[in-house]
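Chemist: This is my_file.tsv, which holds TSV, C-alpha atoms:
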chain	number	residue	atom	x	y	z
A	1	MET	CA	136.07	170.16	87.03
A	2	LYS	CA	139.79	170.86	87.19
A	3	VAL	CA	142.04	167.79	86.99
A	4	PHE	CA	145.70	167.98	88.03
A	5	ILE	CA	147.73	165.35	86.15
A	6	TYR	CA	151.15	164.27	87.41
A	7	ASP	CA	153.89	161.82	86.41
A	8	GLY	CA	153.21	159.12	89.03
A	9	SER	CA	156.14	159.91	91.34
A	10	PHE	CA	155.60	160.75	95.00
A	11	ASP	CA	157.22	164.16	94.52
A	12	GLY	CA	154.90	164.66	91.55
A	13	LEU	CA	151.87	163.89	93.71
A	14	LEU	CA	152.97	166.36	96.38
A	15	THR	CA	153.58	169.01	93.72
A	16	ALA	CA	150.02	168.45	92.48
A	17	VAL	CA	148.75	168.72	96.07
A	18	PHE	CA	150.64	172.03	96.40
A	19	TYR	CA	148.80	173.52	93.41
A	20	ALA	CA	145.43	171.87	93.99
A	21	TYR	CA	145.16	172.55	97.73
A	22	GLY	CA	144.16	176.19	97.43
A	23	TYR	CA	141.66	175.58	94.66
A	24	LYS	CA	138.22	176.41	96.06
A	25	ASP	CA	136.06	174.27	93.79
A	26	GLU	CA	136.13	170.49	93.74
A	27	CYS	CA	139.05	169.07	91.77
A	28	ARG	CA	140.87	165.80	91.17
A	29	ILE	CA	144.45	164.57	91.04
A	30	GLU	CA	145.31	161.77	88.62
A	31	ARG	CA	148.43	159.97	87.41
A	32	GLU	CA	149.29	160.16	83.73
A	33	CYS	CA	148.94	156.38	83.42
A	34	ASN	CA	145.36	156.48	84.80
A	35	HIS	CA	144.12	159.64	83.12
A	36	GLU	CA	141.34	159.49	80.57
A	37	MET	CA	140.68	162.66	78.61
A	38	ASN	CA	137.31	164.33	79.17
A	39	PHE	CA	136.50	167.54	77.34
A	40	MET	CA	134.24	168.58	80.22
A	41	ASN	CA	137.30	168.89	82.48
A	42	ILE	CA	139.99	171.54	82.70
A	43	GLU	CA	143.28	169.65	82.61
A	44	VAL	CA	146.41	170.93	84.31
A	45	ASN	CA	149.63	169.03	83.59
A	46	VAL	CA	151.78	169.31	86.70
A	47	LYS	CA	155.55	169.25	86.31
A	48	THR	CA	157.30	167.76	89.35
A	49	GLU	CA	159.01	170.43	91.44
A	50	GLU	CA	161.14	169.07	94.26
A	51	ASP	CA	161.07	172.33	96.22
A	52	LYS	CA	157.25	172.35	96.20
A	53	ALA	CA	157.15	168.70	97.22
A	54	GLU	CA	159.55	169.38	100.10
A	55	ARG	CA	157.40	172.28	101.29
A	56	VAL	CA	154.37	169.98	101.42
A	57	ILE	CA	156.34	167.31	103.34
A	58	LYS	CA	157.58	169.85	105.90
A	59	SER	CA	154.09	171.28	106.27
A	60	ILE	CA	152.53	167.84	106.89
A	61	ARG	CA	155.18	166.86	109.43
A	62	HIS	CA	155.29	170.17	111.29
A	63	LYS	CA	151.65	171.30	111.17
A	64	LEU	CA	150.15	167.81	111.36
A	65	ASN	CA	152.31	164.79	112.31
A	66	ASN	CA	154.28	161.84	110.97
A	67	ASP	CA	151.26	159.54	111.20
A	68	VAL	CA	149.43	161.69	108.66
A	69	PHE	CA	152.49	161.68	106.40
A	70	ASN	CA	152.77	157.88	106.65
A	71	ASN	CA	149.08	157.56	105.76
A	72	VAL	CA	149.59	159.78	102.71
A	73	TYR	CA	152.59	157.73	101.56
A	74	ALA	CA	150.87	154.36	102.08
A	75	ALA	CA	147.76	155.55	100.22
A	76	TYR	CA	150.02	156.74	97.38
A	77	LEU	CA	151.55	153.24	97.19
A	78	SER	CA	148.10	151.68	96.86
A	79	ASP	CA	146.78	150.62	93.47
A	80	PHE	CA	143.36	152.24	93.91
A	81	ARG	CA	142.63	154.68	91.09
A	82	ASP	CA	140.98	157.26	93.35
A	83	ALA	CA	143.84	157.29	95.88
A	84	ASP	CA	145.43	160.54	94.65
A	85	THR	CA	142.24	162.58	94.90
A	86	LEU	CA	141.48	160.90	98.23
A	87	ILE	CA	144.87	162.06	99.55
A	88	LEU	CA	144.02	165.66	98.63
A	89	LYS	CA	140.65	165.40	100.42
A	90	TYR	CA	142.33	163.74	103.41
A	91	LEU	CA	144.92	166.51	103.75
A	92	ASN	CA	142.22	169.18	103.42
A	93	LEU	CA	140.35	167.47	106.25
A	94	CYS	CA	143.45	167.19	108.47
A	95	TYR	CA	144.46	170.82	107.98
A	96	ARG	CA	140.91	171.98	108.68
A	97	HIS	CA	140.37	169.94	111.86
A	98	GLY	CA	143.87	168.91	112.94
A	99	PRO	CA	145.39	165.39	113.00
A	100	SER	CA	142.92	164.31	115.68
A	101	ILE	CA	140.36	163.99	112.87
A	102	ASN	CA	141.88	160.56	112.26
A	103	LEU	CA	139.97	159.41	115.34
A	104	ALA	CA	136.68	160.17	113.57
A	105	LYS	CA	136.09	156.63	112.33
A	106	ASN	CA	132.60	157.54	111.07
A	107	ASN	CA	134.01	159.99	108.50
A	108	ASP	CA	133.92	158.60	104.93
A	109	ILE	CA	137.35	159.99	104.02
A	110	ILE	CA	138.98	158.62	107.17
A	111	ILE	CA	137.27	155.25	106.67
A	112	LYS	CA	138.63	155.01	103.12
A	113	ILE	CA	142.15	156.16	104.01
A	114	ASP	CA	142.27	153.61	106.84
A	115	LYS	CA	141.13	150.89	104.44
A	116	TYR	CA	143.76	151.70	101.79
A	117	VAL	CA	146.59	152.11	104.31
A	118	LYS	CA	145.78	148.81	106.05
A	119	LYS	CA	145.66	146.94	102.73
A	120	VAL	CA	149.08	148.26	101.71
A	121	TYR	CA	150.80	147.58	105.04
A	122	ARG	CA	149.14	144.16	105.37
A	123	GLU	CA	150.34	143.12	101.93
A	124	ALA	CA	153.87	144.38	102.63
A	125	HIS	CA	153.92	142.43	105.89
A	126	ASN	CA	152.64	139.30	104.14
A	127	PHE	CA	155.32	139.50	101.47
A	128	GLU	CA	158.03	139.57	104.11
A	129	GLY	CA	157.10	135.90	104.46
A	130	PHE	CA	155.81	135.12	100.95
A	131	ILE	CA	158.93	136.02	98.96
A	132	ARG	CA	160.90	132.99	97.74
A	133	PHE	CA	164.34	133.40	96.20
A	134	LYS	CA	166.03	131.23	93.61
A	135	GLN	CA	169.79	131.08	93.41
A	136	VAL	CA	170.99	132.40	90.04
A	137	ALA	CA	174.72	132.60	90.79
A	138	PRO	CA	176.93	132.01	93.84
A	139	MET	CA	175.57	134.26	96.63
A	140	SER	CA	173.15	135.88	94.20
A	141	PHE	CA	169.39	135.39	94.38
A	142	TYR	CA	166.31	136.42	92.43
A	143	SER	CA	162.61	136.56	93.28
A	144	SER	CA	159.62	137.60	91.18
A	145	ILE	CA	156.39	138.88	92.72
A	146	GLU	CA	153.12	140.44	91.53
A	147	PRO	CA	151.64	142.28	94.52
A	148	ASP	CA	148.36	144.16	94.35
A	149	HIS	CA	150.06	147.35	95.53
A	150	ASN	CA	153.42	149.07	95.03
A	151	ILE	CA	155.03	147.63	98.17
A	152	LEU	CA	158.72	147.52	97.14
A	153	PRO	CA	159.50	150.78	99.03
A	154	LEU	CA	158.14	149.13	102.21
A	155	LEU	CA	160.20	145.96	101.69
A	156	ILE	CA	163.59	147.39	100.79
A	157	ASP	CA	164.94	147.97	104.33
A	158	PHE	CA	163.59	144.67	105.68
A	159	PHE	CA	165.31	142.51	103.05
A	160	ALA	CA	168.51	144.58	102.93
A	161	LYS	CA	168.95	143.97	106.67
A	162	ARG	CA	167.80	140.35	106.63
A	163	PHE	CA	169.96	139.29	103.66
A	164	SER	CA	172.83	141.74	104.05
A	165	ASP	CA	175.47	139.12	103.15
A	166	GLN	CA	174.19	138.27	99.66
A	167	ASN	CA	173.20	139.88	96.38
A	168	PHE	CA	169.53	139.79	95.48
A	169	ILE	CA	166.83	141.14	93.19
A	170	ILE	CA	163.14	141.31	94.13
A	171	HIS	CA	161.30	141.92	90.87
A	172	ASP	CA	157.77	143.36	90.77
A	173	LEU	CA	156.60	142.02	87.41
A	174	LYS	CA	153.35	143.98	87.54
A	175	ARG	CA	155.12	147.36	87.66
A	176	ASP	CA	158.45	146.57	85.93
A	177	LYS	CA	160.37	147.64	89.03
A	178	ALA	CA	162.81	145.83	91.30
A	179	ILE	CA	164.81	146.07	94.49
A	180	ALA	CA	168.46	145.46	93.62
A	181	TYR	CA	170.93	144.84	96.46
A	182	ASN	CA	174.70	144.23	96.12
A	183	MET	CA	175.71	143.56	99.77
A	184	ASP	CA	176.25	147.29	100.21
A	185	THR	CA	173.49	149.39	98.64
A	186	ALA	CA	169.82	148.71	98.01
A	187	ILE	CA	167.96	150.66	95.33
A	188	ILE	CA	164.63	150.49	93.51
A	189	THR	CA	165.13	150.53	89.77
A	190	ASN	CA	163.16	149.97	86.58
A	191	LEU	CA	163.38	146.40	85.35
A	192	ASP	CA	161.47	145.00	82.38
A	193	ARG	CA	159.31	141.90	82.84
A	194	GLU	CA	161.32	140.14	80.12
A	195	TYR	CA	164.30	140.14	82.48
A	196	SER	CA	162.68	137.40	84.54
A	197	LYS	CA	162.85	134.91	81.64
A	198	ARG	CA	166.60	134.52	81.93
A	199	PHE	CA	166.09	132.97	85.38
A	200	GLU	CA	163.24	130.59	84.54
A	201	HIS	CA	165.61	127.71	83.84
A	202	SER	CA	168.62	128.77	85.86
A	203	ASP	CA	171.22	126.04	86.38
A	204	CYS	CA	171.72	127.09	90.00
A	205	ASP	CA	168.24	127.19	91.41
A	206	GLY	CA	167.06	123.57	91.23
A	207	GLU	CA	168.58	122.48	94.50
A	208	PHE	CA	167.47	125.67	96.23
A	209	GLU	CA	163.84	125.10	95.20
A	210	ARG	CA	164.02	121.45	96.24
A	211	LEU	CA	165.14	122.55	99.71
A	212	TRP	CA	162.05	124.77	100.03
A	213	LYS	CA	159.72	121.98	98.95
A	214	THR	CA	161.38	119.50	101.30
A	215	PHE	CA	161.02	121.92	104.21
A	216	TYR	CA	157.36	122.53	103.36
A	217	LYS	CA	156.56	118.81	103.23
A	218	ALA	CA	158.46	118.14	106.46
A	219	THR	CA	156.48	120.74	108.40
A	220	ASP	CA	153.10	119.90	106.85
A	221	ILE	CA	150.79	117.87	109.11
A	222	LYS	CA	148.08	116.27	106.96
A	223	GLU	CA	145.71	115.77	109.90
A	224	ARG	CA	145.75	119.51	110.60
A	225	GLU	CA	145.53	120.65	107.00
A	226	ASN	CA	143.09	123.54	106.60
A	227	LEU	CA	142.98	124.74	103.00
A	228	ARG	CA	140.46	127.48	103.74
A	229	LEU	CA	142.69	129.01	106.41
A	230	GLN	CA	145.74	128.55	104.18
A	231	ARG	CA	144.09	130.58	101.42
A	232	GLN	CA	143.15	133.31	103.88
A	233	LEU	CA	146.73	133.62	105.14
A	234	MET	CA	148.37	132.97	101.76
A	235	PRO	CA	145.97	134.07	98.99
A	236	LYS	CA	145.98	131.80	95.95
A	237	ARG	CA	146.80	134.66	93.57
A	238	TYR	CA	150.34	134.67	95.04
A	239	TRP	CA	150.96	130.93	94.70
A	240	LYS	CA	152.62	130.92	91.27
A	241	HIS	CA	155.63	132.70	92.81
A	242	ILE	CA	155.77	130.60	95.99
A	243	THR	CA	158.10	127.64	95.48
A	244	GLU	CA	156.55	125.10	97.82
A	245	VAL	CA	152.99	125.34	96.46
A	246	LYS	CA	153.41	126.20	92.79
A	247	ASN	CA	153.27	123.44	90.17
Could you take the file, read its structure, and then write that structure out as structure tokens?
Modeler:
Amino acid sequence: MKVFIYDGSFDGLLTAVFYAYGYKDECRIERECNHEMNFMNIEVNVKTEEDKAERVIKSIRHKLNNDVFNNVYAAYLSDFRDADTLILKYLNLCYRHGPSINLAKNNDIIIKIDKYVKKVYREAHNFEGFIRFKQVAPMSFYSSIEPDHNILPLLIDFFAKRFSDQNFIIHDLKRDKAIAYNMDTAIITNLDREYSKRFEHSDCDGEFERLWKTFYKATDIKERENLRLQRQLMPKRYWKHITEVKN
């Protein structure tokens, strides 16, 4: 089997799709960080080519539609190891039958794409409410998160608009990446996990955290407490970064 290996970037994935799409036999696409060498496979190391990636984007949007493109991007952001190969199979299916194939909810590829896309968008939506900032300097705030999926690209516009009058960092500790915003420009940049340690005992954040805990206690009604529902809406794996419930 031929395996196309790329650098993990979205443009790299689309470059791999460009070269793998016309391959007649079954093949796979894998990220360098997930690849395990197998001497039974024919490995092709794909160098990212922006012009090839742009051709694939234009093709998806013009020959298919934006919904298909959004599905591809959301699946790429997922943390499922088979997502890259699934994207190739999904695009093959869409080009063969047209974008209306997405209505075929009994198709295994469509079922899986729907599942991955929903998980990514649901987690991004949840984190719009889960993220808790600590003040680290006047008008400067920091938050650490460990989401299951790479959702920072889906959060950047939301938080840049919502907190446009302050500086902030949203740090994905799992992927060593962060949204950095300076009241003018928001970017996603590499940021080592060790960076978070400088804020663990910040002199500025104590009062800010106390305000969160006070608000939580004031709105909590003991008689209506439903821990099972709470864990469904706010999974326990996120609690260590949520001020009002962490120890």
Chemist: Kindly give the distance, in Å, that separates CA of Lys2 (chain A) and CA of Tyr95 (chain A), rounded to a single decimal.
Modeler: 21.3 Å
Chemist: Could you work out how far CA of Lys105 (chain A) lies from CA of Leu88 (chain A), giving the answer in Å with one decimal?
Modeler: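 Taking CA of Leu88 (chain A) as the start and CA of Lys105 (chain A) as the end point, the length is 18.2 Å.
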Chemist: Using all atoms listed in the file, can you tell me which of A:Cys27, A:Ala180, A:Ile87, A:Val136 comes closest to Ser164 (chain A)?
Modeler: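 For Ser164 (chain A), the nearest of the candidates is A:Ala180.
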Chemist: Mind pulling up the distance from CA of Lys197 (chain A) to CA of Phe127 (chain A)?
Modeler: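 According to the coordinates, CA of Phe127 (chain A) and CA of Lys197 (chain A) are separated by 21.7 Å.
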Chemist: Have a look at A:Leu91, A:Ala137, A:Val117, A:Val3 and name the one nearest to Ser59 (chain A); count all atoms listed in the file.
Modeler: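 That would be A:Leu91, the residue with the smallest distance to Ser59 (chain A).
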Chemist: Looking at A:Tyr142, A:Phe163, A:Tyr76, A:Tyr181, which one is nearest to Arg198 (chain A), with distances taken over all atoms listed in the file?
Modeler: A:Tyr142
Chemist: Identify which of the residues A:Glu128, A:Glu49, A:Asp84, A:Glu194 lies closest to Ile113 (chain A), counting all atoms listed in the file when measuring atom-to-atom distances.
Modeler: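 The answer is A:Asp84, which sits nearest to Ile113 (chain A).
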Chemist: Within 7 Å of (174.5, 135.6, 96.6) (coordinates as in the file), grab all the protein and nucleic acid residues, counting only C-alpha atoms, and write them out as a list in words.
Modeler: Ala137, Pro138, Met139, Ser140, Phe141, Gln166, Asn167 and Phe168 of chain A
Chemist: Could you check which of A:Leu86, A:Ile5, A:Leu154, A:Val56 is closest to Ala74 (chain A), using all atoms listed in the file?
Modeler: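 Checking each candidate against Ala74 (chain A), we get A:Leu154 as the closest.
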Chemist: Given only C-alpha atoms as the basis, pick out the residue of A:Gly12, A:Asp114, A:Asp67, A:Phe159 nearest to Ile179 (chain A).
Modeler: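 Of A:Gly12, A:Asp114, A:Asp67, A:Phe159, the one nearest Ile179 (chain A) is A:Phe159, counting only C-alpha atoms.
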Chemist: Show me as a list in words the residues that reach within 9 Å of (140.7, 159.9, 102.8), counting all atoms listed in the file and using the file's own coordinates.
Modeler: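 The residues near that point, listed by chain and number, are Val72, Ala75, Ala83, Thr85, Leu86, Ile87, Leu88, Lys89, Tyr90, Leu91, Leu93, Asn107, Asp108, Ile109, Ile110, Ile111, Lys112, Ile113, Asp114 and Tyr116 of chain A.
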Chemist: Report as a PDB file with C-alpha atoms, in the coordinates of the input all protein, DNA and RNA residues lying within 6 Å of Asp172 (chain A), evaluated on only C-alpha atoms, omitting residues in the same chain fewer than 3 positions from it.
Modeler:
ATOM      1  CA  ILE A 145     156.390 138.880  92.720  1.00  0.00           C
ATOM      2  CA  GLU A 146     153.120 140.440  91.530  1.00  0.00           C
ATOM      3  CA  ARG A 175     155.120 147.360  87.660  1.00  0.00           C
ATOM      4  CA  ASP A 176     158.450 146.570  85.930  1.00  0.00           C
ATOM      5  CA  LYS A 177     160.370 147.640  89.030  1.00  0.00           C
ATOM      6  CA  ALA A 178     162.810 145.830  91.300  1.00  0.00           C
TER       7      ALA A 178
END
